[in-house]
Amino acid sequence: MQKIIRSLSASSEPLITHERVFGDALNAERRARCATEPCKVFFFAQYAETEAPTPKNHTTIDELVSTWDADPKRREALIKARRWLTTRSSEDGAHTIRTLRLKKGWSQARLASELGTSQPHIARIEKGTENVTIDTCRRLSAALEIDMNNVDQALRNQELNAARKSAR
């Protein structure tokens, strides 16, 4: 079991605790063994999540990129930078949804807008962990201007990349 704490401080008070007492429900043989061997005791707690305070005059990356997209020179620079990334980011030269998106010079938000979905959904697709419906494949095919076979191959390449990363 892996304990995940999504708070800034691990010293928050638990919201709910769960304890299980062992002993009365154990048969005689197991009780005798526990008397001579160390027994494992488990303690589970759910901690409160705290939000980090947002600094004054804070600008999110999405706000910054949308500001840059409004300026034609910066928008063109972002498109060129994304296209340049495809030469550096493709593993084994295999196309993925990410590399196909970057070849068009699009952000995840732009592809999400074209598909009528959310940016986090695109991120999960690109990570190779999302099971994509046939409707989403059709919309990817239309938006990226590729056929369904290329969409299928790109999704398979992403799954392979995800499997390689998790094996490391």
# chains A, B, ... in the order shown; residues from 1 in each chain; ligands from 1
>>> residues_around(residues="region 121-126 of chain A", least_positions_apart="4", cutoff="12 Å", atoms="only C-alpha atoms", output="PyMOL selection string")
chain A and resi 95-102+106-117+130-133+136-137+140+151+154-162
>>> closest_residue(among="A:Ala52, A:Lys127, A:Ser118, A:Ile134", to="Met148 (chain A)", atoms="only C-alpha atoms")
A:Ile134
>>> atom_distance(atom1="CA of Thr87 (chain A)", atom2="CA of Pro120 (chain A)")
23.9 Å
>>> atom_distance(atom1="CA of Gly105 (chain A)", atom2="CA of His58 (chain A)")
26.5 Å
>>> closest_residue(among="A:Thr86, A:Thr54, A:Lys103, A:Asp71", to="Glu145 (chain A)", atoms="only C-alpha atoms")
A:Lys103
>>> select_by_dssp(residues="region 35-148 of chain A", states="strand (DSSP E or B)", output="VMD selection string")
chain A and resid 43 to 47
>>> write_last_selection(atoms="C-alpha atoms", output="short mmCIF file (atom, residue, chain, number, x, y, z; two decimals), in the first residue's frame")
data_model
loop_
_atom_site.label_atom_id
_atom_site.label_comp_id
_atom_site.auth_asym_id
_atom_site.auth_seq_id
_atom_site.Cartn_x
_atom_site.Cartn_y
_atom_site.Cartn_z
CA PHE A 43 -3.43 2.12 10.77
CA PHE A 44 -5.20 4.05 8.04
CA ALA A 45 -5.90 7.77 8.17
CA GLN A 46 -7.34 10.24 5.70
CA TYR A 47 -5.68 13.66 5.89
#
>>> atom_distance(atom1="CA of Thr129 (chain A)", atom2="CA of Leu144 (chain A)")
19.9 Å
